[in-house]
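This report concerns only the one structure given below.
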Amino acid sequence: MKNIPEQCEVCPVNKQARLVRLGVDLSNYDFAIALAGNPNVGKSTVFNSLTGLRQHTGNWPGKTVVRAEGGYSYDNKRYKVVDLPGTYSLLSTSSDEEVARDFILFGKPDVTVIVVDATRVERNMNLVLQVLQITDRAVVCLNLIDEAERHGIKIDERQLMRELGVPVVPVIARTGEGVPTLLRNIADVATGAFVCRPRRGWTESGSLKKAVDTLAEKIGNEFPGLPNVRWVALRLLEGDQRIIDAIRSGELTSLAERAELQKKGDTQYVAAS
């Protein structure tokens with residue numbers, strides 16, 4: 001396996017899945033993975049299961065919000081994992097929600113893994129649908145499946161996958177059960193072996209579609225190369241003040257540039273002890 005640093009950790013639970021945890025700055029990574037989820041869904045446990053304990057931590061530039069990233073190698077590909085702040089929504093203006101939204105929207109991670117508490121799927125589905133409005137490349141990690149079974153909750157992950165249009169993987173992150181399947185699904189989405197067809201969280205009427213198309217074209221002309229212009233247009237129509245201010249000030253371009261730099265790791269971090 002090429003370019004694996006000395007400080008790495010082969011995960012015993014996932015040896016058969018060819019997982020090597022990397023606690024390094026992956027300047028030459030192959031794929032960037034965003035890890036999103038509500039607070040208290042076990043997202044940090046999923047993060048640790050993928051990356052081990054040698055992680056880099058610091059603050060997002062200009063924010064007091066903590067940023068953590070780690071990495072792993074799987075099938076000779078190197079994956080950088082960025083742990084986004086736990087958030088219930090991408091639509092309001094708290095610092096945590098802005099960080100998560102801007103990174104998924106403008107940083108364009110290769111895969112966004114949305115960690116869901118299997119005992120509270122309905123409560124977590126709001127964030128899932130919002131993420132699927134922004135990206136076509138996602139995997140739903142159905143964590144705490146053992147707790148759900150203990151409470152008599154049965155989830156048909158295959159039906160849920162058909163409804164959402166993205167892979168849904170049940171796991172028990174604290175024991176590693178299901179993590180090899182999660183790794184394979186992340187790799188399949190990242191490499192294009194699995195093409196997601198996400199169910200969008202809204203239904204556009206003819207008049208709304210026309211308004212979004214018109215506004216998206218104007219935004220695209222004003223900010224060439226800006227990703228997800230239709231989502232930005234929709235947020236403008238819904239009166240999102242943060243997006244309105246970013247358009248007026250021209251900050252929208254800098255948000256996209258900053259998110260791209262953050263994905264590449266062009267900031268300094270303090271290694272976690």
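Naming scheme: A, B, ... for chains in displayed order of the structure tokens; residues 1 onward per chain; ligands 1 onward as shown.
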- Excluding range 231-241 of chain A and residues on its chain fewer than 6 positions from it, collect all residues at most 8 Å away from it, counting only C-alpha atoms, and give them as JSON, numbers by chain. {"A": [91, 92, 133, 134, 212, 215, 216, 219]}
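Considering the residues A:Val65, A:Ala211, A:Ile186, A:Leu226 and counting only C-alpha atoms, Ala100 in chain A has its shortest atom-to-atom contact with A:Val65.
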- Item | Filtered DSSP result for range 24-241 of chain A, state strand (DSSP E), as a PyMOL selection string | chain A and resi 31-37+56-59+66-74+77-83+111-117+138-143+168-170
Residues of the last selection are to be written out with C-alpha atoms, as a compact mmCIF listing (two decimals), in the first residue's frame.
# COMPACT_ATOMS: atom_id res chain seq x y z
CA PHE A 31 -11.64 11.45 -1.52
CA ALA A 32 -13.07 13.90 1.04
CA ILE A 33 -15.83 12.58 3.30
CA ALA A 34 -18.12 14.84 5.34
CA LEU A 35 -19.66 13.33 8.47
CA ALA A 36 -22.97 14.98 9.38
CA GLY A 37 -25.71 14.27 11.91
CA HIS A 56 -6.38 16.71 14.03
CA THR A 57 -8.50 19.25 15.87
CA GLY A 58 -8.84 23.01 15.76
CA ASN A 59 -11.44 25.65 15.00
CA VAL A 66 -14.48 22.95 16.78
CA ARG A 67 -13.24 21.18 13.65
CA ALA A 68 -11.95 17.60 13.70
CA GLU A 69 -10.56 15.57 10.86
CA GLY A 70 -8.87 12.22 10.43
CA GLY A 71 -8.24 9.76 7.71
CA TYR A 72 -8.13 6.17 6.60
CA SER A 73 -7.01 4.06 3.68
CA TYR A 74 -9.35 1.55 2.05
CA LYS A 77 -7.47 4.85 -1.69
CA ARG A 78 -6.96 7.55 0.92
CA TYR A 79 -10.01 9.15 2.53
CA LYS A 80 -10.03 12.39 4.53
CA VAL A 81 -12.96 12.50 6.99
CA VAL A 82 -14.19 15.91 8.19
CA ASP A 83 -16.44 15.69 11.25
CA VAL A 111 -19.46 11.70 -0.04
CA THR A 112 -21.56 13.03 2.85
CA VAL A 113 -22.24 10.37 5.47
CA ILE A 114 -25.35 11.27 7.47
CA VAL A 115 -25.39 9.51 10.84
CA VAL A 116 -28.91 8.74 12.03
CA ASP A 117 -30.06 7.43 15.44
CA ALA A 138 -24.58 10.59 0.30
CA VAL A 139 -24.76 7.52 2.52
CA VAL A 140 -27.11 7.18 5.50
CA CYS A 141 -25.42 5.48 8.45
CA LEU A 142 -28.16 3.98 10.62
CA ASN A 143 -26.34 3.88 13.96
CA VAL A 168 -28.65 3.04 4.00
CA VAL A 169 -26.30 1.02 6.21
CA PRO A 170 -27.23 -0.24 9.72
- Quote the spacing between CA of Phe106 in chain A and CA of Thr135 in chain A in Å to one decimal place.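 Taking CA of Phe106 in chain A as the start and CA of Thr135 in chain A as the end point, the length is 10.2 Å.
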- Write out as a ChimeraX atom specification which residues come within 8 Å of Ala148 in chain A when counting only C-alpha atoms, dropping same-chain ones fewer than 4 positions away. /A:118-119,144,152-154
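As for CA of Lys218 in chain A and CA of Asp245 in chain A, they are spaced 16.2 Å apart.
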- Would you list the contacts of Ser95 in chain A as a PyMOL selection string, taking every protein, DNA or RNA residue within 12 Å and counting only C-alpha atoms, but skipping same-chain residues closer than 6 positions in sequence? chain A and resi 59-66+84-87+89+101-102+242
- Query: Contacts of range 155-165 of chain A at 7 Å or less, counting only C-alpha atoms, minus same-chain residues fewer than 2 places along, as a VMD selection string?
  - Reply: chain A and resid 153 167 to 168 196 to 199
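When CA of Gln130 in chain A is paired with CA of Tyr88 in chain A, their separation reads 10.0 Å.
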- Which one of A:Ala246, A:Val121, A:Val171, A:Val131 sits closest to Lys108 in chain A if you count only C-alpha atoms?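 Ranked by minimum distance to Lys108 in chain A, first place goes to A:Val131.
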- Task: Please provide as a list in words all residues within 10 Å of Arg174 in chain A, with the sequence filter that same-chain residues fewer than 2 positions apart are discarded (counting only C-alpha atoms).
- Result: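 Result of the neighbour search: Gly42, Ser44, Thr45, Val46, Asn48, Ser49, Asn143, Leu144, Val171, Ile172, Gly176, Glu177 and Val179 of chain A.
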Once you have the residues from the selection above, write them out as an mmCIF file, in the first residue's frame, restricted to N, CA and C atoms.
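selection19.cif, freshly written:
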data_model
loop_
_atom_site.group_PDB
_atom_site.id
_atom_site.type_symbol
_atom_site.label_atom_id
_atom_site.label_comp_id
_atom_site.auth_asym_id
_atom_site.auth_seq_id
_atom_site.Cartn_x
_atom_site.Cartn_y
_atom_site.Cartn_z
ATOM 1 N N GLY A 42 -24.271 9.465 18.014
ATOM 2 C CA GLY A 42 -23.100 8.590 17.944
ATOM 3 C C GLY A 42 -22.176 8.926 16.792
ATOM 4 N N SER A 44 -19.567 10.908 16.707
ATOM 5 C CA SER A 44 -18.158 10.858 17.112
ATOM 6 C C SER A 44 -17.657 9.415 17.180
ATOM 7 N N THR A 45 -18.530 8.503 17.594
ATOM 8 C CA THR A 45 -18.147 7.092 17.653
ATOM 9 C C THR A 45 -17.917 6.546 16.245
ATOM 10 N N VAL A 46 -18.767 6.944 15.296
ATOM 11 C CA VAL A 46 -18.563 6.553 13.899
ATOM 12 C C VAL A 46 -17.244 7.135 13.391
ATOM 13 N N ASN A 48 -14.578 7.957 15.138
ATOM 14 C CA ASN A 48 -13.469 7.233 15.751
ATOM 15 C C ASN A 48 -13.307 5.843 15.151
ATOM 16 N N SER A 49 -14.422 5.215 14.821
ATOM 17 C CA SER A 49 -14.374 3.883 14.238
ATOM 18 C C SER A 49 -13.676 3.900 12.879
ATOM 19 N N ASN A 143 -27.074 4.293 12.761
ATOM 20 C CA ASN A 143 -26.336 3.880 13.956
ATOM 21 C C ASN A 143 -27.283 3.475 15.089
ATOM 22 N N LEU A 144 -26.723 2.783 16.072
ATOM 23 C CA LEU A 144 -27.467 2.339 17.263
ATOM 24 C C LEU A 144 -28.600 1.374 16.888
ATOM 25 N N VAL A 171 -25.527 0.081 11.425
ATOM 26 C CA VAL A 171 -24.260 -0.198 12.101
ATOM 27 C C VAL A 171 -24.429 -0.118 13.619
ATOM 28 N N ILE A 172 -23.467 -0.707 14.302
ATOM 29 C CA ILE A 172 -23.283 -0.489 15.741
ATOM 30 C C ILE A 172 -21.858 0.029 15.864
ATOM 31 N N GLY A 176 -18.191 -1.860 16.048
ATOM 32 C CA GLY A 176 -17.673 -2.036 14.702
ATOM 33 C C GLY A 176 -18.567 -2.851 13.795
ATOM 34 N N GLU A 177 -19.685 -3.345 14.322
ATOM 35 C CA GLU A 177 -20.588 -4.141 13.493
ATOM 36 C C GLU A 177 -21.207 -3.268 12.397
ATOM 37 N N VAL A 179 -19.578 -1.714 10.107
ATOM 38 C CA VAL A 179 -18.634 -0.724 9.588
ATOM 39 C C VAL A 179 -17.992 -1.176 8.274
#
